[in-house]
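Student: Data file model39.pdb (PDB, C-alpha atoms) is appended below.
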```pdb
ATOM      1  CA  ALA A   1       9.722 -18.191 -19.341  1.00  0.00           C
ATOM      2  CA  TYR A   2       7.794 -20.348 -16.839  1.00  0.00           C
ATOM      3  CA  CYS A   3       5.315 -22.244 -19.019  1.00  0.00           C
ATOM      4  CA  THR A   4       3.566 -22.075 -22.388  1.00  0.00           C
ATOM      5  CA  LYS A   5      -0.021 -22.693 -21.228  1.00  0.00           C
ATOM      6  CA  PRO A   6      -1.963 -21.410 -18.192  1.00  0.00           C
ATOM      7  CA  TYR A   7      -3.034 -23.834 -15.466  1.00  0.00           C
ATOM      8  CA  LYS A   8      -6.676 -23.238 -16.434  1.00  0.00           C
ATOM      9  CA  PRO A   9      -7.682 -22.575 -20.045  1.00  0.00           C
ATOM     10  CA  ASP A  10      -9.932 -19.638 -19.093  1.00  0.00           C
ATOM     11  CA  LEU A  11      -7.019 -17.722 -17.542  1.00  0.00           C
ATOM     12  CA  PRO A  12      -4.461 -15.559 -19.341  1.00  0.00           C
ATOM     13  CA  LEU A  13      -0.885 -16.796 -19.308  1.00  0.00           C
ATOM     14  CA  VAL A  14       0.411 -13.605 -17.667  1.00  0.00           C
ATOM     15  CA  GLN A  15      -1.229 -10.716 -15.825  1.00  0.00           C
ATOM     16  CA  TYR A  16      -0.081  -7.288 -14.673  1.00  0.00           C
ATOM     17  CA  ALA A  17      -1.378  -5.184 -11.780  1.00  0.00           C
ATOM     18  CA  LEU A  18      -0.609  -1.564 -10.877  1.00  0.00           C
ATOM     19  CA  MET A  19      -0.600  -0.119  -7.385  1.00  0.00           C
ATOM     20  CA  ILE A  20       0.138   3.552  -6.699  1.00  0.00           C
ATOM     21  CA  ASP A  21       1.165   4.283  -3.127  1.00  0.00           C
ATOM     22  CA  ALA A  22       0.488   7.991  -2.573  1.00  0.00           C
ATOM     23  CA  GLY A  23       2.397   8.663   0.628  1.00  0.00           C
ATOM     24  CA  SER A  24       3.237  11.799   2.560  1.00  0.00           C
ATOM     25  CA  THR A  25       6.797  12.106   1.222  1.00  0.00           C
ATOM     26  CA  GLY A  26       6.148  11.018  -2.363  1.00  0.00           C
ATOM     27  CA  SER A  27       4.188   8.813  -4.741  1.00  0.00           C
ATOM     28  CA  ARG A  28       5.352   5.376  -5.863  1.00  0.00           C
ATOM     29  CA  ILE A  29       4.086   2.925  -8.457  1.00  0.00           C
ATOM     30  CA  HIS A  30       4.493  -0.829  -8.198  1.00  0.00           C
ATOM     31  CA  ILE A  31       4.072  -2.640 -11.523  1.00  0.00           C
ATOM     32  CA  TYR A  32       3.584  -6.331 -10.738  1.00  0.00           C
ATOM     33  CA  LYS A  33       3.769  -9.224 -13.167  1.00  0.00           C
ATOM     34  CA  PHE A  34       2.203 -12.607 -12.394  1.00  0.00           C
ATOM     35  CA  ASN A  35       1.856 -15.843 -14.334  1.00  0.00           C
ATOM     36  CA  ASN A  36      -0.901 -18.460 -14.130  1.00  0.00           C
ATOM     37  CA  CYS A  37       1.281 -21.505 -14.650  1.00  0.00           C
ATOM     38  CA  GLY A  38       0.075 -23.050 -11.371  1.00  0.00           C
ATOM     39  CA  PRO A  39      -3.178 -23.271  -9.393  1.00  0.00           C
ATOM     40  CA  GLN A  40      -2.491 -19.805  -7.917  1.00  0.00           C
ATOM     41  CA  PRO A  41      -1.050 -16.716  -9.611  1.00  0.00           C
ATOM     42  CA  SER A  42       2.711 -16.712  -9.193  1.00  0.00           C
ATOM     43  CA  TYR A  43       4.669 -13.475  -8.703  1.00  0.00           C
ATOM     44  CA  GLU A  44       7.421 -13.012 -11.300  1.00  0.00           C
ATOM     45  CA  TYR A  45       8.814  -9.518 -10.768  1.00  0.00           C
ATOM     46  CA  GLU A  46       8.074  -5.894  -9.942  1.00  0.00           C
ATOM     47  CA  VAL A  47       9.030  -2.635 -11.634  1.00  0.00           C
ATOM     48  CA  PHE A  48       9.209   0.243  -9.155  1.00  0.00           C
ATOM     49  CA  LYS A  49       9.341   3.988  -9.742  1.00  0.00           C
ATOM     50  CA  GLN A  50       8.891   6.915  -7.376  1.00  0.00           C
ATOM     51  CA  ARG A  51       8.666  10.675  -7.439  1.00  0.00           C
ATOM     52  CA  LYS A  52       8.546  13.540  -4.954  1.00  0.00           C
ATOM     53  CA  PRO A  53       6.715  15.387  -3.478  1.00  0.00           C
ATOM     54  CA  GLY A  54       3.530  13.616  -2.398  1.00  0.00           C
ATOM     55  CA  LEU A  55      -0.033  14.546  -3.372  1.00  0.00           C
ATOM     56  CA  SER A  56      -0.564  16.512  -0.156  1.00  0.00           C
ATOM     57  CA  LYS A  57       1.924  19.137  -1.362  1.00  0.00           C
ATOM     58  CA  TYR A  58      -0.584  20.123  -4.069  1.00  0.00           C
ATOM     59  CA  LYS A  59      -3.464  20.919  -1.717  1.00  0.00           C
ATOM     60  CA  GLU A  60      -4.042  24.260  -3.477  1.00  0.00           C
ATOM     61  CA  SER A  61      -4.177  22.656  -6.944  1.00  0.00           C
ATOM     62  CA  PRO A  62      -5.874  19.248  -7.282  1.00  0.00           C
ATOM     63  CA  SER A  63      -5.215  19.201 -11.044  1.00  0.00           C
ATOM     64  CA  GLU A  64      -1.449  19.510 -10.468  1.00  0.00           C
ATOM     65  CA  ALA A  65      -1.676  16.719  -7.909  1.00  0.00           C
ATOM     66  CA  ALA A  66      -3.273  14.458 -10.515  1.00  0.00           C
ATOM     67  CA  GLU A  67      -0.740  15.422 -13.176  1.00  0.00           C
ATOM     68  CA  SER A  68       2.114  14.599 -10.808  1.00  0.00           C
ATOM     69  CA  LEU A  69       1.265  10.903 -11.233  1.00  0.00           C
ATOM     70  CA  ASP A  70       1.779  11.002 -15.019  1.00  0.00           C
ATOM     71  CA  GLU A  71       5.466  10.197 -14.620  1.00  0.00           C
ATOM     72  CA  LEU A  72       4.547   6.966 -12.824  1.00  0.00           C
ATOM     73  CA  LEU A  73       1.705   5.962 -15.125  1.00  0.00           C
ATOM     74  CA  ASP A  74       3.827   6.600 -18.209  1.00  0.00           C
ATOM     75  CA  GLU A  75       6.262   4.039 -16.831  1.00  0.00           C
ATOM     76  CA  ALA A  76       3.408   1.545 -16.587  1.00  0.00           C
ATOM     77  CA  MET A  77       2.470   2.294 -20.198  1.00  0.00           C
ATOM     78  CA  ARG A  78       6.048   1.398 -21.157  1.00  0.00           C
ATOM     79  CA  VAL A  79       6.317  -1.788 -19.075  1.00  0.00           C
ATOM     80  CA  VAL A  80       2.902  -3.396 -19.620  1.00  0.00           C
ATOM     81  CA  PRO A  81       2.422  -4.800 -23.151  1.00  0.00           C
ATOM     82  CA  GLU A  82      -0.069  -2.715 -25.113  1.00  0.00           C
ATOM     83  CA  SER A  83      -2.333  -5.726 -25.663  1.00  0.00           C
ATOM     84  CA  LEU A  84      -2.781  -6.009 -21.868  1.00  0.00           C
ATOM     85  CA  HIS A  85      -3.365  -2.323 -21.058  1.00  0.00           C
ATOM     86  CA  LYS A  86      -7.170  -2.506 -20.873  1.00  0.00           C
ATOM     87  CA  CYS A  87      -7.216  -5.607 -18.664  1.00  0.00           C
ATOM     88  CA  THR A  88      -4.536  -4.350 -16.258  1.00  0.00           C
ATOM     89  CA  PRO A  89      -6.096  -3.101 -12.996  1.00  0.00           C
ATOM     90  CA  VAL A  90      -4.823   0.039 -11.279  1.00  0.00           C
ATOM     91  CA  ALA A  91      -5.545   1.373  -7.809  1.00  0.00           C
ATOM     92  CA  VAL A  92      -4.378   4.504  -5.999  1.00  0.00           C
ATOM     93  CA  LYS A  93      -4.098   4.262  -2.221  1.00  0.00           C
ATOM     94  CA  ALA A  94      -3.265   7.452  -0.351  1.00  0.00           C
ATOM     95  CA  THR A  95      -1.956   7.263   3.199  1.00  0.00           C
ATOM     96  CA  ALA A  96      -1.412   9.562   6.178  1.00  0.00           C
ATOM     97  CA  GLY A  97      -0.304  12.586   4.130  1.00  0.00           C
ATOM     98  CA  LEU A  98      -3.817  13.086   2.736  1.00  0.00           C
ATOM     99  CA  ARG A  99      -5.476  11.996   5.979  1.00  0.00           C
ATOM    100  CA  LEU A 100      -3.862  15.035   7.621  1.00  0.00           C
ATOM    101  CA  LEU A 101      -5.395  17.432   5.074  1.00  0.00           C
ATOM    102  CA  GLY A 102      -8.884  18.835   5.364  1.00  0.00           C
ATOM    103  CA  ALA A 103     -11.709  16.590   4.192  1.00  0.00           C
ATOM    104  CA  GLN A 104     -12.591  18.808   1.219  1.00  0.00           C
ATOM    105  CA  GLU A 105      -8.980  19.295   0.100  1.00  0.00           C
ATOM    106  CA  SER A 106      -8.241  15.579   0.114  1.00  0.00           C
ATOM    107  CA  ALA A 107     -11.535  14.746  -1.626  1.00  0.00           C
ATOM    108  CA  ASP A 108     -10.788  17.268  -4.412  1.00  0.00           C
ATOM    109  CA  ILE A 109      -7.359  15.712  -5.009  1.00  0.00           C
ATOM    110  CA  LEU A 110      -8.738  12.181  -5.179  1.00  0.00           C
ATOM    111  CA  THR A 111     -11.485  13.266  -7.592  1.00  0.00           C
ATOM    112  CA  ALA A 112      -8.922  14.925  -9.859  1.00  0.00           C
ATOM    113  CA  VAL A 113      -6.725  11.801  -9.810  1.00  0.00           C
ATOM    114  CA  ARG A 114      -9.650   9.556 -10.752  1.00  0.00           C
ATOM    115  CA  HIS A 115     -10.737  11.829 -13.599  1.00  0.00           C
ATOM    116  CA  ARG A 116      -7.215  11.940 -15.044  1.00  0.00           C
ATOM    117  CA  LEU A 117      -6.862   8.169 -14.889  1.00  0.00           C
ATOM    118  CA  GLU A 118     -10.177   7.717 -16.686  1.00  0.00           C
ATOM    119  CA  ALA A 119      -9.486  10.364 -19.318  1.00  0.00           C
ATOM    120  CA  LYS A 120      -5.830   9.757 -20.182  1.00  0.00           C
ATOM    121  CA  TYR A 121      -4.941   6.137 -19.420  1.00  0.00           C
ATOM    122  CA  PRO A 122      -6.391   2.817 -20.680  1.00  0.00           C
ATOM    123  CA  PHE A 123      -5.951   0.862 -17.450  1.00  0.00           C
ATOM    124  CA  SER A 124      -8.934  -0.525 -15.558  1.00  0.00           C
ATOM    125  CA  LEU A 125      -9.776   1.148 -12.256  1.00  0.00           C
ATOM    126  CA  HIS A 126      -9.903  -1.734  -9.791  1.00  0.00           C
ATOM    127  CA  GLY A 127     -12.531  -1.784  -7.048  1.00  0.00           C
ATOM    128  CA  GLY A 128     -15.027   0.766  -8.363  1.00  0.00           C
ATOM    129  CA  ASP A 129     -15.416   3.563  -5.819  1.00  0.00           C
ATOM    130  CA  ASP A 130     -12.503   2.132  -3.813  1.00  0.00           C
ATOM    131  CA  ALA A 131     -10.041   2.389  -6.706  1.00  0.00           C
ATOM    132  CA  VAL A 132      -8.808   5.854  -5.665  1.00  0.00           C
ATOM    133  CA  VAL A 133      -9.115   6.359  -1.918  1.00  0.00           C
ATOM    134  CA  ILE A 134      -7.388   7.309   1.297  1.00  0.00           C
ATOM    135  CA  MET A 135      -6.440   4.035   2.916  1.00  0.00           C
ATOM    136  CA  ASP A 136      -7.657   3.468   6.449  1.00  0.00           C
ATOM    137  CA  GLY A 137      -4.778   3.301   8.923  1.00  0.00           C
ATOM    138  CA  ARG A 138      -5.930  -0.192   9.945  1.00  0.00           C
ATOM    139  CA  ASP A 139      -5.607  -1.486   6.388  1.00  0.00           C
ATOM    140  CA  GLU A 140      -2.300   0.272   5.755  1.00  0.00           C
ATOM    141  CA  GLY A 141      -0.387  -1.842   8.236  1.00  0.00           C
ATOM    142  CA  VAL A 142      -2.209  -5.054   7.381  1.00  0.00           C
ATOM    143  CA  TYR A 143      -1.402  -4.703   3.672  1.00  0.00           C
ATOM    144  CA  ALA A 144       2.263  -4.275   4.587  1.00  0.00           C
ATOM    145  CA  TRP A 145       2.022  -7.434   6.702  1.00  0.00           C
ATOM    146  CA  ILE A 146       0.471  -9.388   3.808  1.00  0.00           C
ATOM    147  CA  THR A 147       3.128  -8.160   1.370  1.00  0.00           C
ATOM    148  CA  ALA A 148       6.090  -8.976   3.601  1.00  0.00           C
ATOM    149  CA  ASN A 149       4.836 -12.411   4.577  1.00  0.00           C
ATOM    150  CA  TYR A 150       3.769 -13.314   1.038  1.00  0.00           C
ATOM    151  CA  LEU A 151       7.279 -12.538  -0.210  1.00  0.00           C
ATOM    152  CA  LEU A 152       8.835 -14.420   2.733  1.00  0.00           C
ATOM    153  CA  ASP A 153       6.617 -17.429   1.885  1.00  0.00           C
ATOM    154  CA  THR A 154       4.886 -17.730   5.252  1.00  0.00           C
ATOM    155  CA  ILE A 155       1.180 -17.271   4.396  1.00  0.00           C
ATOM    156  CA  ARG A 156       0.682 -18.898   1.005  1.00  0.00           C
ATOM    157  CA  SER A 157      -1.310 -22.107   0.762  1.00  0.00           C
ATOM    158  CA  THR A 158       1.911 -23.767  -0.438  1.00  0.00           C
ATOM    159  CA  SER A 159       4.098 -22.336   2.355  1.00  0.00           C
ATOM    160  CA  PRO A 160       5.884 -24.866   4.601  1.00  0.00           C
ATOM    161  CA  LYS A 161       4.000 -25.245   7.893  1.00  0.00           C
ATOM    162  CA  GLU A 162       7.131 -24.471   9.898  1.00  0.00           C
ATOM    163  CA  ASN A 163       7.321 -20.994   8.311  1.00  0.00           C
ATOM    164  CA  GLN A 164       5.685 -18.734  10.891  1.00  0.00           C
ATOM    165  CA  PRO A 165       4.487 -15.225   9.888  1.00  0.00           C
ATOM    166  CA  TYR A 166       6.716 -12.269  10.733  1.00  0.00           C
ATOM    167  CA  ALA A 167       5.630  -9.163  12.599  1.00  0.00           C
ATOM    168  CA  VAL A 168       5.774  -5.929  10.603  1.00  0.00           C
ATOM    169  CA  LEU A 169       6.708  -2.427  11.750  1.00  0.00           C
ATOM    170  CA  ASP A 170       5.929   0.003   8.941  1.00  0.00           C
ATOM    171  CA  LEU A 171       7.607   3.394   9.420  1.00  0.00           C
ATOM    172  CA  GLY A 172       5.999   5.870   7.023  1.00  0.00           C
ATOM    173  CA  GLY A 173       6.351   9.602   6.601  1.00  0.00           C
ATOM    174  CA  ALA A 174       3.370  10.681   8.716  1.00  0.00           C
ATOM    175  CA  SER A 175       2.382   7.494  10.551  1.00  0.00           C
ATOM    176  CA  THR A 176       3.765   4.224  11.876  1.00  0.00           C
ATOM    177  CA  GLN A 177       1.979   0.862  11.901  1.00  0.00           C
ATOM    178  CA  ILE A 178       2.650  -2.332  13.787  1.00  0.00           C
ATOM    179  CA  VAL A 179       0.988  -5.633  12.821  1.00  0.00           C
ATOM    180  CA  PHE A 180       1.506  -9.217  13.959  1.00  0.00           C
ATOM    181  CA  GLU A 181      -0.402 -12.467  14.316  1.00  0.00           C
ATOM    182  CA  PRO A 182      -0.604 -13.437  18.016  1.00  0.00           C
ATOM    183  CA  THR A 183       0.679 -16.942  18.716  1.00  0.00           C
ATOM    184  CA  PHE A 184      -1.458 -17.791  21.744  1.00  0.00           C
ATOM    185  CA  ASP A 185      -4.352 -20.247  21.465  1.00  0.00           C
ATOM    186  CA  MET A 186      -7.273 -18.275  20.028  1.00  0.00           C
ATOM    187  CA  GLU A 187      -9.708 -21.023  21.053  1.00  0.00           C
ATOM    188  CA  LYS A 188      -9.202 -20.336  24.769  1.00  0.00           C
ATOM    189  CA  PRO A 189     -11.426 -17.435  25.919  1.00  0.00           C
ATOM    190  CA  ALA A 190      -8.944 -16.340  28.592  1.00  0.00           C
ATOM    191  CA  ALA A 191      -6.164 -16.020  26.043  1.00  0.00           C
ATOM    192  CA  ALA A 192      -8.151 -14.649  23.115  1.00  0.00           C
ATOM    193  CA  LEU A 193      -7.357 -11.237  21.686  1.00  0.00           C
ATOM    194  CA  LYS A 194      -9.899  -8.815  23.153  1.00  0.00           C
ATOM    195  CA  ASP A 195     -12.249  -7.006  20.808  1.00  0.00           C
ATOM    196  CA  GLY A 196     -11.333  -3.457  19.870  1.00  0.00           C
ATOM    197  CA  GLU A 197      -9.846  -1.292  17.130  1.00  0.00           C
ATOM    198  CA  HIS A 198      -6.559  -3.184  17.424  1.00  0.00           C
ATOM    199  CA  LYS A 199      -8.168  -6.505  16.442  1.00  0.00           C
ATOM    200  CA  TYR A 200      -8.303  -7.235  12.704  1.00  0.00           C
ATOM    201  CA  ALA A 201     -10.027 -10.219  11.096  1.00  0.00           C
ATOM    202  CA  LEU A 202      -8.166 -10.819   7.848  1.00  0.00           C
ATOM    203  CA  ARG A 203      -9.927 -12.946   5.234  1.00  0.00           C
ATOM    204  CA  TYR A 204      -7.144 -14.318   3.100  1.00  0.00           C
ATOM    205  CA  ASP A 205      -6.708 -17.321   0.820  1.00  0.00           C
ATOM    206  CA  GLY A 206      -9.986 -18.963   1.843  1.00  0.00           C
ATOM    207  CA  GLY A 207      -9.469 -18.583   5.595  1.00  0.00           C
ATOM    208  CA  THR A 208      -9.508 -15.984   8.386  1.00  0.00           C
ATOM    209  CA  ARG A 209      -6.535 -14.841  10.432  1.00  0.00           C
ATOM    210  CA  THR A 210      -6.810 -12.743  13.592  1.00  0.00           C
ATOM    211  CA  LEU A 211      -4.181  -9.997  13.661  1.00  0.00           C
ATOM    212  CA  TYR A 212      -3.155  -7.303  16.108  1.00  0.00           C
ATOM    213  CA  GLN A 213      -2.699  -3.955  14.391  1.00  0.00           C
ATOM    214  CA  HIS A 214      -2.329  -0.336  15.415  1.00  0.00           C
ATOM    215  CA  SER A 215      -1.611   2.808  13.425  1.00  0.00           C
ATOM    216  CA  TYR A 216       0.108   5.739  15.134  1.00  0.00           C
ATOM    217  CA  LEU A 217      -0.859   8.856  13.189  1.00  0.00           C
ATOM    218  CA  GLY A 218       1.717  11.615  13.580  1.00  0.00           C
ATOM    219  CA  TYR A 219       4.535   9.216  14.499  1.00  0.00           C
ATOM    220  CA  GLY A 220       6.046   8.847  11.041  1.00  0.00           C
ATOM    221  CA  LEU A 221       9.615   9.797  10.167  1.00  0.00           C
ATOM    222  CA  LYS A 222       8.670  13.104   8.542  1.00  0.00           C
ATOM    223  CA  THR A 223       6.354  14.263  11.337  1.00  0.00           C
ATOM    224  CA  ALA A 224       8.838  13.144  14.005  1.00  0.00           C
ATOM    225  CA  ARG A 225      11.549  15.239  12.351  1.00  0.00           C
ATOM    226  CA  GLN A 226       9.206  18.235  12.245  1.00  0.00           C
ATOM    227  CA  SER A 227       8.460  17.795  15.964  1.00  0.00           C
ATOM    228  CA  VAL A 228      12.185  17.729  16.792  1.00  0.00           C
ATOM    229  CA  HIS A 229      12.705  20.911  14.744  1.00  0.00           C
ATOM    230  CA  ARG A 230       9.888  22.666  16.632  1.00  0.00           C
ATOM    231  CA  VAL A 231      11.409  21.695  19.989  1.00  0.00           C
ATOM    232  CA  ALA A 232      14.851  22.880  18.846  1.00  0.00           C
ATOM    233  CA  GLU A 233      13.408  26.210  17.682  1.00  0.00           C
ATOM    234  CA  PHE A 234      11.549  26.644  20.967  1.00  0.00           C
ATOM    235  CA  MET A 235      14.643  25.901  23.069  1.00  0.00           C
ATOM    236  CA  SER A 236      16.671  28.296  20.914  1.00  0.00           C
ATOM    237  CA  SER A 237      14.109  31.072  21.455  1.00  0.00           C
ATOM    238  CA  VAL A 238      14.116  30.447  25.213  1.00  0.00           C
ATOM    239  CA  ARG A 239      17.896  30.606  25.423  1.00  0.00           C
ATOM    240  CA  GLY A 240      17.944  33.714  23.264  1.00  0.00           C
ATOM    241  CA  GLY A 241      15.370  35.411  25.484  1.00  0.00           C
ATOM    242  CA  GLY A 242      17.363  34.560  28.606  1.00  0.00           C
ATOM    243  CA  HIS A 243      20.504  36.157  27.236  1.00  0.00           C
ATOM    244  CA  GLY A 244      18.581  39.315  26.483  1.00  0.00           C
TER
END
```
Starting from the file, lay out its structure as structure tokens.
Tutor:
Amino acid sequence: AYCTKPYKPDLPLVQYALMIDAGSTGSRIHIYKFNNCGPQPSYEYEVFKQRKPGLSKYKESPSEAAESLDELLDEAMRVVPESLHKCTPVAVKATAGLRLLGAQESADILTAVRHRLEAKYPFSLHGGDDAVVIMDGRDEGVYAWITANYLLDTIRSTSPKENQPYAVLDLGGASTQIVFEPTFDMEKPAAALKDGEHKYALRYDGGTRTLYQHSYLGYGLKTARQSVHRVAEFMSSVRGGGHG
């Protein structure tokens, strides 16, 4: 619909990419379509599908956790043309839900997911060992920042210079992230962002951006609701004991 030939002859006309977001409240697949009509891949559209519960609910059965993603991957099989299945990359990024499990339990689930992807589906695991992983909290917020600002046309090489990047507050189920690009002059030592876990050097589109990021584990919507319920139960027990 956009052109009949790719910008470079060694590139395919269209490409698909699959990203599975395995969160604490559920798993979601994003099926992206791009075209190569210009010097950079251009986003055309996304097909989105989700299911509940998340992988962490299957901590006693890693195989069931892996099978729970079939519903999402079957949608990708339907959307992506069969001729492009083998060259379509897929990645599974788990977030705070699995980070809160024990190390062995989360590792077993990720191993089962990888094995099922390799055995049942033709897609290409993107990133080798990093294709199926628990995402670091630092990266989780930064990826949300990239996504939002890419779609708002503030960080592309073709973006108008007056379009300044937006800050992002990502409220998840088990964690919350905040990310923004400071606007003070980074070249002045007195004003520079101090080194630490909050400082993130993002290499993007041939350059480097310095971002502020922080991930608050345990401050997601789901965990906050659980905390409120525990307080309510405690206050109820105290009042009940007083009446006795």
Student: Counting all atoms listed in the file, figure out which residue out of A:Lys8, A:Lys86, A:Lys59, A:Lys120 gets nearest to Ala107 (chain A).
Tutor: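 Closest candidate: A:Lys59.
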Student: If we count all atoms listed in the file and set the cut-off at 12 Å, which residues sit around Gly206 (chain A), ignoring sequence neighbours fewer than 6 positions away in its own chain? Please answer as a list in words.
Tutor: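 Counting all atoms listed in the file, the residues come to Ile155, Arg156 and Ser157 of chain A.
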Student: In terms of the shortest atom-to-atom distance over only C-alpha atoms, which of A:Ser63, A:Gln40, A:Gln104, A:Gln15 is closest to Thr88 (chain A)?
Tutor: A:Gln15
Student: Here's the selection I'm unsure about, the PyMOL selection byres ((chain A and resi 129) around 12); applied to the file above, which residues does it give, as a list in words?
Tutor: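 Here the PyMOL selection byres ((chain A and resi 129) around 12) matches Ala91, Val92, Lys93, Leu110, Thr111, Arg114, Leu125, His126, Gly127, Gly128, Asp130, Ala131, Val132, Val133 and Ile134 of chain A.
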Student: Starting from the point (-4.1, 9.2, -16.2), work out which residues of protein, DNA or RNA have an atom no more than 8 Å away when counting all atoms listed in the file; state them as JSON, numbers by chain.
Tutor: {"A": [66, 67, 69, 70, 73, 113, 114, 115, 116, 117, 118, 119, 120, 121]}
Student: Translate the PyMOL selection byres ((chain A and resi 200) around 8) into a concrete residue list for this structure, as a PyMOL selection string.
Tutor: chain A and resi 138+197-199+201-202+210-213
Student: With distances taken over all atoms listed in the file, which of A:Pro122, A:Asp205, A:Ala148, A:Ala167 is nearest to Glu82 (chain A)?
Tutor: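 With all atoms listed in the file as the atom set, the closest residue is A:Pro122.
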Student: I'd like the interatomic distance between CA of Leu217 (chain A) and CA of Leu169 (chain A), to a tenth of an Å.
Tutor: 13.7 Å
Student: By how many Å are CA of Asp195 (chain A) and CA of Trp145 (chain A) apart?
Tutor: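 CA of Trp145 (chain A) lies 20.1 Å from CA of Asp195 (chain A).
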Student: Kindly indicate which residue among A:Cys87, A:Leu55, A:Val79, A:Leu72 lies nearest to Pro12 (chain A), using all atoms listed in the file for the distances.
Tutor: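 Of A:Cys87, A:Leu55, A:Val79, A:Leu72, the one nearest Pro12 (chain A) is A:Cys87, counting all atoms listed in the file.
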Student: Residues near Val47 (chain A), anyone? I mean within 9 Å using all atoms listed in the file, not counting same-chain ones fewer than 4 positions away, as a list in words.
Tutor: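 In the requested form, the answer reads Ile29, His30, Ile31, Tyr32, Lys33, Glu75, Ala76 and Val79 of chain A.
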Student: Could you save the residues just selected, with C-alpha atoms, as a PDB file, in the coordinates of the input?
Tutor:
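Dumped to again.pdb:
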```pdb
ATOM      1  CA  ILE A  29       4.086   2.925  -8.457  1.00  0.00           C
ATOM      2  CA  HIS A  30       4.493  -0.829  -8.198  1.00  0.00           C
ATOM      3  CA  ILE A  31       4.072  -2.640 -11.523  1.00  0.00           C
ATOM      4  CA  TYR A  32       3.584  -6.331 -10.738  1.00  0.00           C
ATOM      5  CA  LYS A  33       3.769  -9.224 -13.167  1.00  0.00           C
ATOM      6  CA  GLU A  75       6.262   4.039 -16.831  1.00  0.00           C
ATOM      7  CA  ALA A  76       3.408   1.545 -16.587  1.00  0.00           C
ATOM      8  CA  VAL A  79       6.317  -1.788 -19.075  1.00  0.00           C
TER       9      VAL A  79
END
```
